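Below is one structure, written out as structure tokens; the observations come after it.
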Amino acid sequence: MKSGLTFIAALALSATVFANGNQTTTTEKWNGTINKTQLGKYLKLSSEQSAEVADICDYFEAEMKMANRAKEGQDEKVRKAVYGNLKLMKNTLNEKQYSDYLKLMGMTLRNKGIDIEKK
């Protein structure tokens, strides 16, 4: 029981530090900024993985900024940016790291009020 609560607390803390900023309102969209240092520590990345993940995070941020500026099809562009990020991460991370990343990304998206499910 105690280890379960510790895991939940650690996951909640990680989700908080994963995304920079406190943009919790839906009027201000998350621009995709990720604290790469905290993410690297959380996922226990190798030095090679750290470089690749940093590039993926930078690319994701650029895609999210473009999606948020779009006049039309904004939700679809955000969805594509998220799924593109997940695909790149899956190719870079091992199975455990990717599973942890998925949980973190899911919580972050929920906390930011972003729904990537097709409507």
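Each chain in the structure tokens gets a letter, A, B, ..., in the order shown, and its residues are numbered from 1; ligands are numbered from 1 in order too.
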
Env of A:Ser50: 10 Å cut, atoms = only C-alpha atoms, seq-sep filter 4 positions within chain, self excluded. Answer as a PDB file with C-alpha atoms, in the first residue's frame.
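Final file, part-v8.pdb:
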ATOM      1  CA  LYS A  36      13.956  17.829 -20.852  1.00  0.00           C
ATOM      2  CA  THR A  37      16.211  17.627 -17.791  1.00  0.00           C
ATOM      3  CA  LEU A  39      12.136  14.047 -18.245  1.00  0.00           C
ATOM      4  CA  GLY A  40      15.616  12.583 -18.680  1.00  0.00           C
ATOM      5  CA  LYS A  41      15.939  11.962 -14.951  1.00  0.00           C
ATOM      6  CA  LEU A  43      13.008   8.091 -17.637  1.00  0.00           C
ATOM      7  CA  LYS A  44      16.659   7.379 -16.720  1.00  0.00           C
ATOM      8  CA  LEU A  45      17.830   8.132 -20.256  1.00  0.00           C
ATOM      9  CA  SER A  46      21.233   7.136 -21.575  1.00  0.00           C
ATOM     10  CA  ALA A  54      15.885  16.544 -26.673  1.00  0.00           C
ATOM     11  CA  ASP A  55      15.557  16.765 -30.476  1.00  0.00           C
ATOM     12  CA  ILE A  56      12.132  15.092 -30.350  1.00  0.00           C
ATOM     13  CA  THR A  92      13.891   5.973 -29.105  1.00  0.00           C
ATOM     14  CA  LEU A  93      12.856   4.645 -25.694  1.00  0.00           C
TER      15      LEU A  93
END

Quiz prompt | Every residue of stretch 25-96 of chain A that DSSP places in alpha helix (DSSP H), as a ChimeraX atom specification | solution = /A:36-43,47-69,74-92,95-96

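The gap separating atom CA of A:Lys77 from atom CA of A:Tyr59 is 13.8 Å, in Å to one decimal.
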
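For the atom pair formed by atom CA of A:Arg69 and atom CA of A:Leu102, the distance is 25.2 Å, given to one decimal.
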
Practice problem: For atom CA of A:Leu86 and atom CA of A:Met105, quote the distance in Å rounded to one decimal. | Solution: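 Answer for the atom CA of A:Leu86 to atom CA of A:Met105 separation: 8.8 Å.
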
Self-check item: 8 Å contact set for A:Asn31, only C-alpha atoms, chain neighbours under 5 positions out, as a ChimeraX atom specification
Solution: /A:61,64-65,68

Can I get the selected residues back with N, CA and C atoms, as a short mmCIF file (atom, residue, chain, number, x, y, z; two decimals), in the first residue's frame?
data_model
loop_
_atom_site.label_atom_id
_atom_site.label_comp_id
_atom_site.auth_asym_id
_atom_site.auth_seq_id
_atom_site.Cartn_x
_atom_site.Cartn_y
_atom_site.Cartn_z
N GLU A 61 7.60 20.71 -29.66
CA GLU A 61 7.24 22.07 -29.27
C GLU A 61 6.95 22.93 -30.50
N MET A 64 3.57 21.87 -31.90
CA MET A 64 2.46 22.32 -31.06
C MET A 64 2.22 23.81 -31.22
N LYS A 65 3.29 24.58 -31.34
CA LYS A 65 3.13 26.03 -31.54
C LYS A 65 2.43 26.31 -32.86
N ASN A 68 -1.27 25.33 -32.53
CA ASN A 68 -2.03 26.29 -31.73
C ASN A 68 -2.28 27.60 -32.46
#

Self-check item: Counting only C-alpha atoms, the option among A:Asp58, A:Val53, A:Glu63, A:Lys112 closest to A:Gly84
Solution: A:Glu63

Quiz prompt | Non-local contacts of A:Asp115 (12 Å; only C-alpha atoms; under 3 positions in same chain excluded) as a PyMOL selection string | solution = chain A and resi 26+29-30+74-76+78-79+82+105-112+118-119
